[in-house]
Structures are given as C-alpha cells and as structure tokens.
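As provided, final.tsv (TSV, C-alpha atoms) reads as follows.
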chain	number	residue	atom	x	y	z
A	1	MET	CA	-8.50	4.46	0.95
A	2	GLU	CA	-11.16	6.06	-1.19
A	3	GLU	CA	-12.49	9.49	-0.34
A	4	ARG	CA	-16.17	9.83	0.49
A	5	THR	CA	-18.76	12.13	-0.86
A	6	ALA	CA	-21.45	13.57	1.36
A	7	GLY	CA	-23.90	11.00	2.61
A	8	THR	CA	-26.04	9.87	5.47
A	9	SER	CA	-24.91	9.48	9.06
A	10	SER	CA	-23.63	6.22	10.48
A	11	SER	CA	-22.74	4.82	13.87
A	12	GLY	CA	-19.68	7.04	14.06
A	13	GLY	CA	-21.74	10.19	13.60
A	14	SER	CA	-20.00	11.09	10.36
A	15	ARG	CA	-22.06	12.44	7.50
A	16	THR	CA	-19.74	10.48	5.20
A	17	GLY	CA	-20.62	7.02	6.48
A	18	ARG	CA	-17.19	6.64	8.06
A	19	ASN	CA	-16.59	6.37	11.81
A	20	LEU	CA	-14.38	9.43	11.85
A	21	PRO	CA	-13.40	9.49	15.57
A	22	ALA	CA	-12.34	5.84	15.39
A	23	ALA	CA	-10.52	6.44	12.11
A	24	ILE	CA	-8.59	9.37	13.58
A	25	ALA	CA	-7.69	7.43	16.73
A	26	VAL	CA	-6.43	4.47	14.71
A	27	GLY	CA	-4.50	6.82	12.42
A	28	VAL	CA	-2.77	8.46	15.39
A	29	VAL	CA	-1.79	5.07	16.83
A	30	LEU	CA	-0.47	3.82	13.49
A	31	GLY	CA	1.41	7.07	12.95
A	32	GLY	CA	3.01	6.87	16.38
A	33	LEU	CA	4.00	3.25	15.85
A	34	THR	CA	5.48	4.06	12.44
A	35	ILE	CA	7.50	7.09	13.53
A	36	GLY	CA	8.52	5.55	16.85
A	37	SER	CA	10.00	2.43	15.25
A	38	LEU	CA	11.36	4.24	12.20
A	39	TYR	CA	13.45	6.72	14.19
A	40	THR	CA	14.74	4.25	16.77
A	41	ILE	CA	15.75	0.93	15.19
A	42	LYS	CA	15.35	0.48	11.43
A	43	GLU	CA	15.08	-3.28	11.77
A	44	LEU	CA	12.22	-2.83	14.25
A	45	PHE	CA	10.37	-0.78	11.66
A	46	LEU	CA	10.84	-3.59	9.16
A	47	VAL	CA	9.28	-5.98	11.66
A	48	VAL	CA	6.27	-3.65	11.89
A	49	VAL	CA	6.06	-3.58	8.08
A	50	VAL	CA	6.23	-7.36	7.80
A	51	ALA	CA	3.54	-7.77	10.46
A	52	ALA	CA	1.20	-5.27	8.79
A	53	VAL	CA	1.71	-6.65	5.29
A	54	GLY	CA	1.40	-10.18	6.63
A	55	VAL	CA	-2.06	-9.39	7.97
A	56	GLY	CA	-2.93	-7.81	4.63
A	57	VAL	CA	-1.76	-10.95	2.83
A	58	LEU	CA	-3.98	-13.11	5.06
A	59	GLU	CA	-6.94	-10.81	4.36
A	60	LEU	CA	-6.37	-11.17	0.64
A	61	ILE	CA	-6.03	-14.96	0.90
A	62	LYS	CA	-9.28	-15.15	2.88
A	63	ALA	CA	-11.02	-13.01	0.27
A	64	PHE	CA	-9.84	-15.28	-2.54
A	65	GLY	CA	-11.15	-18.22	-0.56
A	66	THR	CA	-14.71	-16.87	-0.76
A	67	ARG	CA	-14.61	-17.72	-4.47
A	68	GLY	CA	-12.91	-21.07	-4.03
A	69	ILE	CA	-9.47	-19.76	-5.00
A	70	LYS	CA	-6.79	-21.45	-2.92
A	71	VAL	CA	-3.67	-19.46	-2.02
A	72	PRO	CA	-1.29	-21.13	0.47
A	73	ALA	CA	-0.46	-18.77	3.33
A	74	ILE	CA	2.79	-20.37	4.52
A	75	PRO	CA	4.93	-19.96	1.37
A	76	VAL	CA	3.52	-16.49	0.64
A	77	LEU	CA	4.34	-15.28	4.17
A	78	ALA	CA	7.76	-16.91	3.95
A	79	GLY	CA	8.27	-15.10	0.67
A	80	LEU	CA	7.27	-11.82	2.30
A	81	VAL	CA	9.94	-12.25	4.98
A	82	GLY	CA	12.52	-13.45	2.45
A	83	MET	CA	11.96	-10.52	0.10
A	84	GLN	CA	12.14	-7.95	2.91
A	85	ALA	CA	15.38	-9.48	4.18
A	86	GLY	CA	16.81	-9.82	0.69
A	87	ALA	CA	16.04	-6.20	-0.15
A	88	TYR	CA	17.43	-4.86	3.13
A	89	PHE	CA	20.63	-6.88	3.27
A	90	GLY	CA	21.28	-7.51	-0.42
A	91	GLY	CA	19.58	-4.77	-2.43
A	92	PRO	CA	17.38	-4.89	-5.55
A	93	VAL	CA	19.07	-7.95	-7.09
A	94	TRP	CA	18.36	-10.07	-4.01
A	95	LEU	CA	14.79	-8.79	-3.89
A	96	ILE	CA	14.16	-9.89	-7.48
A	97	ALA	CA	15.89	-13.21	-6.87
A	98	ALA	CA	13.80	-13.87	-3.75
A	99	PHE	CA	10.61	-13.09	-5.65
A	100	ALA	CA	11.53	-15.48	-8.47
A	101	ILE	CA	12.45	-18.26	-6.03
A	102	PHE	CA	9.25	-18.02	-4.00
A	103	ALA	CA	7.10	-17.70	-7.13
A	104	PHE	CA	8.59	-21.00	-8.28
A	105	VAL	CA	7.97	-22.46	-4.82
A	106	LEU	CA	4.31	-21.49	-5.10
A	107	LEU	CA	3.95	-23.18	-8.48
A	108	ILE	CA	5.46	-26.37	-7.08
A	109	TRP	CA	3.44	-26.15	-3.83
A	110	ARG	CA	0.17	-26.05	-5.73
A	111	MET	CA	1.30	-28.89	-7.98
A	112	PHE	CA	1.34	-31.31	-5.05
A	113	SER	CA	-1.57	-30.00	-2.98
A	114	ASP	CA	-4.93	-30.09	-4.79
A	115	GLY	CA	-4.60	-31.92	-8.06
A	116	THR	CA	-4.87	-30.51	-11.57
A	117	ASP	CA	-8.30	-28.87	-11.38
A	118	GLY	CA	-7.92	-25.14	-10.81
A	119	TYR	CA	-4.13	-25.21	-10.99
A	120	VAL	CA	-3.82	-22.16	-13.26
A	121	ARG	CA	-6.41	-20.22	-11.23
A	122	ASP	CA	-4.81	-20.96	-7.86
A	123	ALA	CA	-1.22	-20.56	-9.03
A	124	THR	CA	-2.01	-17.23	-10.68
A	125	ALA	CA	-3.70	-15.89	-7.55
A	126	SER	CA	-0.79	-17.12	-5.43
A	127	VAL	CA	1.87	-15.37	-7.51
A	128	PHE	CA	-0.33	-12.28	-7.64
A	129	THR	CA	-0.48	-12.22	-3.83
A	130	LEU	CA	3.28	-12.70	-3.62
A	131	PHE	CA	3.65	-9.64	-5.84
A	132	TYR	CA	0.80	-7.53	-4.45
A	133	PRO	CA	1.29	-6.59	-1.71
A	134	ALA	CA	4.28	-8.70	-0.58
A	135	MET	CA	6.97	-7.84	-3.16
A	136	LEU	CA	5.88	-4.23	-3.61
A	137	SER	CA	6.11	-3.63	0.13
A	138	ALA	CA	9.74	-4.84	0.14
A	139	PHE	CA	10.80	-1.63	-1.59
A	140	VAL	CA	10.46	0.06	1.79
A	141	ALA	CA	13.51	-1.96	2.83
A	142	LEU	CA	15.40	-0.48	-0.12
A	143	LEU	CA	14.50	3.00	1.09
A	144	LEU	CA	15.75	2.15	4.56
A	145	THR	CA	19.20	1.03	3.41
A	146	GLU	CA	20.24	4.63	2.73
A	147	ASP	CA	21.84	6.67	5.51
A	148	ASP	CA	18.84	9.00	5.44
A	149	GLY	CA	16.45	6.10	4.87
A	150	HIS	CA	14.25	7.00	7.82
A	151	HIS	CA	13.60	10.41	6.25
A	152	ARG	CA	12.87	8.86	2.86
A	153	VAL	CA	10.35	6.43	4.34
A	154	LEU	CA	8.68	9.23	6.28
A	155	ILE	CA	8.30	11.28	3.10
A	156	PHE	CA	6.84	8.32	1.22
A	157	VAL	CA	4.33	7.58	4.00
A	158	ALA	CA	3.45	11.24	4.51
A	159	VAL	CA	2.64	11.98	0.86
A	160	THR	CA	0.53	8.83	0.61
A	161	VAL	CA	-1.42	9.71	3.76
A	162	ALA	CA	-1.79	13.26	2.43
A	163	SER	CA	-3.45	11.79	-0.65
A	164	ASP	CA	-6.06	10.07	1.50
A	165	ILE	CA	-6.71	13.12	3.69
A	166	GLY	CA	-6.74	15.62	0.82
A	167	GLY	CA	-9.00	13.42	-1.28
A	168	TYR	CA	-11.34	12.77	1.65
A	169	ILE	CA	-11.76	16.44	2.54
A	170	ALA	CA	-12.13	17.64	-1.05
A	171	GLY	CA	-14.51	14.79	-1.84
A	172	VAL	CA	-16.75	15.61	1.12
A	173	LEU	CA	-16.77	19.36	0.55
A	174	PHE	CA	-16.75	19.62	-3.22
A	175	GLY	CA	-17.24	16.14	-4.69
A	176	ARG	CA	-19.81	16.25	-7.47
A	177	HIS	CA	-18.35	14.54	-10.52
A	178	GLN	CA	-17.84	10.80	-10.32
A	179	MET	CA	-14.45	9.65	-11.57
A	180	THR	CA	-15.26	6.01	-12.36
A	181	VAL	CA	-17.92	3.37	-11.78
A	182	ILE	CA	-15.23	1.17	-10.24
A	183	SER	CA	-15.40	3.29	-7.09
A	184	PRO	CA	-18.59	5.40	-7.17
A	185	LYS	CA	-17.57	7.56	-4.19
A	186	LYS	CA	-14.34	8.67	-5.82
A	187	THR	CA	-14.61	12.04	-7.56
A	188	TRP	CA	-12.49	14.27	-9.73
A	189	GLU	CA	-12.69	16.92	-7.05
A	190	GLY	CA	-11.33	14.42	-4.57
A	191	LEU	CA	-8.42	13.61	-6.90
A	192	ALA	CA	-7.66	17.33	-7.20
A	193	GLY	CA	-7.60	17.58	-3.41
A	194	SER	CA	-5.20	14.64	-3.27
A	195	VAL	CA	-2.86	16.23	-5.80
A	196	VAL	CA	-2.81	19.58	-3.98
A	197	ALA	CA	-2.20	17.96	-0.57
A	198	CYS	CA	0.46	15.55	-1.82
A	199	THR	CA	2.32	18.19	-3.82
A	200	ALA	CA	2.43	20.55	-0.85
A	201	VAL	CA	3.54	17.88	1.64
A	202	GLY	CA	6.10	16.44	-0.76
A	203	ALA	CA	7.64	19.82	-1.54
A	204	TRP	CA	7.83	20.74	2.15
A	205	LEU	CA	9.33	17.49	3.43
A	206	VAL	CA	11.87	17.03	0.64
A	207	VAL	CA	13.26	20.53	1.22
A	208	TRP	CA	13.23	20.11	4.99
A	209	LEU	CA	14.44	16.53	5.43
A	210	LEU	CA	16.54	15.83	2.32
A	211	ASP	CA	17.70	19.37	1.47
A	212	GLY	CA	16.28	18.89	-2.01
A	213	ASP	CA	14.55	21.26	-4.41
A	214	ILE	CA	10.90	22.19	-4.17
A	215	TRP	CA	10.18	20.83	-7.64
A	216	GLN	CA	11.60	17.43	-6.71
A	217	GLY	CA	9.30	17.12	-3.70
A	218	ALA	CA	6.35	18.44	-5.68
A	219	LEU	CA	6.94	15.84	-8.40
A	220	ILE	CA	7.16	13.02	-5.86
A	221	GLY	CA	3.95	14.25	-4.23
A	222	ALA	CA	2.01	14.68	-7.48
A	223	LEU	CA	3.00	11.20	-8.67
A	224	ALA	CA	2.05	9.77	-5.27
A	225	ALA	CA	-1.43	11.31	-5.54
A	226	VAL	CA	-2.09	9.65	-8.89
A	227	LEU	CA	-0.65	6.27	-7.92
A	228	ALA	CA	-2.36	6.22	-4.53
A	229	THR	CA	-5.64	6.67	-6.39
A	230	VAL	CA	-4.69	3.84	-8.74
A	231	GLY	CA	-3.99	1.67	-5.70
A	232	ASP	CA	-7.46	2.40	-4.33
A	233	LEU	CA	-9.02	1.48	-7.66
A	234	ILE	CA	-7.05	-1.78	-7.88
A	235	GLU	CA	-8.37	-2.86	-4.50
A	236	SER	CA	-11.89	-1.81	-5.51
A	237	MET	CA	-11.59	-3.98	-8.63
A	238	ILE	CA	-10.47	-6.95	-6.52
A	239	LYS	CA	-13.41	-6.56	-4.13
A	240	ARG	CA	-15.90	-6.14	-6.96
A	241	ASP	CA	-14.57	-9.19	-8.79
A	242	LEU	CA	-14.76	-11.29	-5.61
A	243	GLY	CA	-18.17	-9.91	-4.72
A	244	ILE	CA	-17.22	-8.67	-1.25
A	245	LYS	CA	-17.57	-5.28	0.43
A	246	ASP	CA	-14.41	-5.22	2.54
A	247	LEU	CA	-11.21	-7.25	2.72
A	248	GLY	CA	-11.06	-6.93	6.50
A	249	THR	CA	-12.34	-5.19	9.63
A	250	ILE	CA	-9.29	-5.15	11.90
A	251	LEU	CA	-8.95	-1.33	11.93
A	252	PRO	CA	-12.03	0.57	13.25
A	253	GLY	CA	-12.99	3.36	10.88
A	254	HIS	CA	-10.62	2.08	8.19
A	255	GLY	CA	-11.51	-1.53	7.43
A	256	GLY	CA	-8.74	-4.05	6.97
A	257	LEU	CA	-4.97	-3.65	6.70
A	258	MET	CA	-5.28	-3.86	2.94
A	259	ASP	CA	-7.48	-0.76	3.04
A	260	ARG	CA	-4.40	1.04	4.39
A	261	LEU	CA	-1.84	-0.76	2.26
A	262	ASP	CA	-3.53	-0.50	-1.14
A	263	SER	CA	-2.32	3.03	-1.90
A	264	LEU	CA	0.99	2.62	-0.04
A	265	VAL	CA	2.27	-0.32	-2.06
A	266	THR	CA	1.42	1.25	-5.42
A	267	THR	CA	3.11	4.52	-4.42
A	268	LEU	CA	6.21	2.91	-2.95
A	269	VAL	CA	8.13	1.80	-6.05
A	270	PRO	CA	7.92	5.14	-7.94
A	271	ALA	CA	8.72	7.04	-4.72
A	272	TRP	CA	11.80	4.86	-4.20
A	273	LEU	CA	12.85	5.33	-7.84
A	274	LEU	CA	12.53	9.12	-7.81
A	275	MET	CA	14.30	9.52	-4.48
A	276	THR	CA	17.08	7.22	-5.69
A	277	LEU	CA	17.49	9.31	-8.86
A	278	PHE	CA	17.30	12.65	-7.07
A	279	PHE	CA	19.35	11.93	-3.96
Once more with this new file: its structure as structure tokens, please.
Amino acid sequence: MEERTAGTSSSGGSRTGRNLPAAIAVGVVLGGLTIGSLYTIKELFLVVVVAAVGVGVLELIKAFGTRGIKVPAIPVLAGLVGMQAGAYFGGPVWLIAAFAIFAFVLLIWRMFSDGTDGYVRDATASVFTLFYPAMLSAFVALLLTEDDGHHRVLIFVAVTVASDIGGYIAGVLFGRHQMTVISPKKTWEGLAGSVVACTAVGAWLVVWLLDGDIWQGALIGALAAVLATVGDLIESMIKRDLGIKDLGTILPGHGGLMDRLDSLVTTLVPAWLLMTLFF
C-alpha cells in the first residue's frame, strides 16, 4: 500500500485522501483475524490465507478482463489451493511441482477455450496470475511447517505492516521528494520511514519471539521495507498498464485485497529464506 503525501480532505476526513478511520477499523479486524487463527489452528490460518488470496486473484482476473485479457478463474484458484496444500504437507519440492503442473494446465485450458487469437497474451497473463500472487503466497505455508511457524508468520506480517505504517506517516509528515513517476505519492522520505519502522519491528520481534540476534531481525526488517515498496510499485505498474485506478474496493479505506497483498507476497519469499537460514 503506497504512502500518501499531504493532500486535500476526502470523505473520511483525512488530509491524505484516505478514509483513515475506516482503514484503521479494517486493519484491526484483519489483524485480529490473522492472530486469532494463527495462534489457534494453523490449518485455519491457511484457510484464511487461501480465501484472501483467492479474492485477490479474482480482482486481478477482473482487471485483466477490462483489457480483453482472458484468465480462467477455476484452474488458477485450484492451483492456489494445490500449491498451499503442497507447500504445507510436502515442502518446497511439492510447491514447485504443483506450480509447474497447474501452469501446464492453464496452457492446455486456453488451448481449447477461445481459439488461437490471443493465445500468447491470455496464457501469459494466466501463468502470471498463478505466480503472482498465488504461488508467492504459498510460501506462508512453508513458514507454518516449522514448530515456531506461528511466530515466523507473525514476524513476516508485522514487518510488512510496519513498512506501510512507517512509510505512510513519514510520507505525510516529511514527504517532499518523489521517488518515481510510477507511483507519484511515494517519496524517498516515506521509504526512509518504512526502513526505520521495519528495522525496529524486525529486531524487536526476532529477539523476543525467536531468541535471535538483533542484527538478524534488523536485516529481515530492512529487506522487508525495500521489497514491500517494490511490491507496491509492481501493483502500480499493473494498474497503470491496464488503465484502472484500483483493483478492488472490498476493504473500506484500503481498496481491494490486492492492495493489501501486493507488499506481502513480494516480502514473503525473502523473509522465509532468511528465517530458514538463521533459525
């Protein structure tokens, strides 16, 4: 989610153009749902993940449809479930195998659905959707397989959320220098705020929950700040290319599920890798 620089008021009364009370309320609900399921039944948390990513997949498919790009929902959603299950019960090898199988299924599906015109375009978009966000999100299942998996997932989510909050606050208060034309409201000051917030949260939680070293948590946090920003920019590029403003509106004050997932899925794989190496 991109941070906002100072601007005019909107219906939510925020000088940033964001309905802040609604955004906070939704954030609290999502946080409660995440923590509640994560620290009770791991499989229940995976169901929550699949449901959230599934909605994000449908948002992305709908967005592609505005430009005449056809992505079949059924095999992509089936692939999402298959990759989550493969990762959780079989590990990385089964995750990769499930991705390869469903990518092949998508190529065959398109072959027999709409003729030859647009085959490369549709097949490419379909495999892209299977990868982003479906396959990337399955790495959360790999985090969960560890005995302390609930702590690892919490750290990953917390540092990514810290990136959004730190970038938002720093962007509003100090944002002056535009980072890129891809996302005009994203500033270098906002990125600095993300790095500071993520590094602090990562260092704290890794020491507290995983009994690790401060530098390990700080490194995880700093990397999360950069990659969360990259995730925001990737989604901005998608929306600009498709000529749309938002991918969805299901979450008041936030937009669609993909507006929440964009930074999470790009942060997830490196977070999993570092925690696997460290712990």
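The two atoms in question, CA of Val93 in chain A and CA of Leu136 in chain A, are spaced 14.1 Å apart.
Distance check against Ala100 in chain A using all atoms listed in the file: of A:Phe279, A:Phe45, A:Tyr119, A:Phe131, the minimum falls on A:Phe131.
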Please report as CSV every residue of range 69-184 of chain A lying within 10 Å of range 33-38 of chain A, along with the nearest atom pair and their distance in Å (one decimal), using only C-alpha atoms.
residue,atom,partner,partner_atom,distance
A:Leu144,CA,A:Leu38,CA,9.1
A:Gly149,CA,A:Leu38,CA,9.1
A:His150,CA,A:Leu38,CA,5.9
A:His151,CA,A:Leu38,CA,8.9
A:Val153,CA,A:Leu38,CA,8.2
A:Leu154,CA,A:Ile35,CA,7.7
A:Val157,CA,A:Thr34,CA,9.2
Contact residues around Arg121 in chain A with only C-alpha atoms at 10 Å, ignoring same-chain residues under 5 positions, as a VMD selection string
chain A and resid 68 to 71 126
Atom pair CA of Thr160 in chain A + CA of Ala52 in chain A, distance 16.3 Å
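Here CA of Met258 in chain A and CA of Leu273 in chain A stand 23.0 Å from one another.
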Which polymer residues have any atom within 12 Å of an atom of Thr180 in chain A, counting only C-alpha atoms, with same-chain residues fewer than 6 positions away left out, as a PyMOL selection string?
chain A and resi 2+186-188+191+229-230+232-233+236-237
Range 204-214 of chain A surroundings by all atoms listed in the file, 12 Å radius, close-in-sequence under 3 positions cut, as a ChimeraX atom specification:
/A:146-159,162,197-201,217-221,271,274-279
Option closest in space to Leu80 in chain A, from A:Ala138, A:Leu106, A:Ile96, A:Ile61 [counting all atoms listed in the file]
A:Ala138
Taking 5 positions as the minimum chain separation for residues in the same chain, which residues sit within 6 Å of Ser194 in chain A when counting all atoms listed in the file? Answer as a ChimeraX atom specification.
/A:163,166-167,225
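Nearest to Ala222 in chain A of all the residues A:Met179, A:Gly193, A:Glu235, A:Ala63 is A:Gly193, based on only C-alpha atoms.
The shortest atom-to-atom distance to Thr145 in chain A, with only C-alpha atoms taken into account, belongs to A:Gly91 out of A:Pro75, A:Gly91, A:Ile182, A:Val49.
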Around all of range 57-63 of chain A's listed atoms, make the axis-aligned box with 8 Å on each side and tell me centre and edge lengths in Å to one decimal, as lines of an AutoDock Vina configuration file.
center_x = -6.4
center_y = -13.0
center_z = 2.7
size_x = 25.3
size_y = 20.3
size_z = 20.8
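Considering only C-alpha atoms, the residue among A:Ala103, A:Ile238, A:Leu130, A:Gly171 positioned nearest to Pro184 in chain A is A:Gly171.
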For Pro133 in chain A: contacts at 10 Å, all atoms listed in the file, fewer than 4 positions along chain excluded, given as a VMD selection string:
chain A and resid 53 to 54 56 to 57 60 80 128 to 129 137 to 138 258 261 to 262 264 to 266
Using C-alpha atoms, can you export the residues from the last selection as an mmCIF file, in the frame of the given file?
data_model
loop_
_atom_site.group_PDB
_atom_site.id
_atom_site.type_symbol
_atom_site.label_atom_id
_atom_site.label_comp_id
_atom_site.auth_asym_id
_atom_site.auth_seq_id
_atom_site.Cartn_x
_atom_site.Cartn_y
_atom_site.Cartn_z
ATOM 1 C CA VAL A 53 1.710 -6.650 5.290
ATOM 2 C CA GLY A 54 1.400 -10.180 6.630
ATOM 3 C CA GLY A 56 -2.930 -7.810 4.630
ATOM 4 C CA VAL A 57 -1.760 -10.950 2.830
ATOM 5 C CA LEU A 60 -6.370 -11.170 0.640
ATOM 6 C CA LEU A 80 7.270 -11.820 2.300
ATOM 7 C CA PHE A 128 -0.330 -12.280 -7.640
ATOM 8 C CA THR A 129 -0.480 -12.220 -3.830
ATOM 9 C CA SER A 137 6.110 -3.630 0.130
ATOM 10 C CA ALA A 138 9.740 -4.840 0.140
ATOM 11 C CA MET A 258 -5.280 -3.860 2.940
ATOM 12 C CA LEU A 261 -1.840 -0.760 2.260
ATOM 13 C CA ASP A 262 -3.530 -0.500 -1.140
ATOM 14 C CA LEU A 264 0.990 2.620 -0.040
ATOM 15 C CA VAL A 265 2.270 -0.320 -2.060
ATOM 16 C CA THR A 266 1.420 1.250 -5.420
#
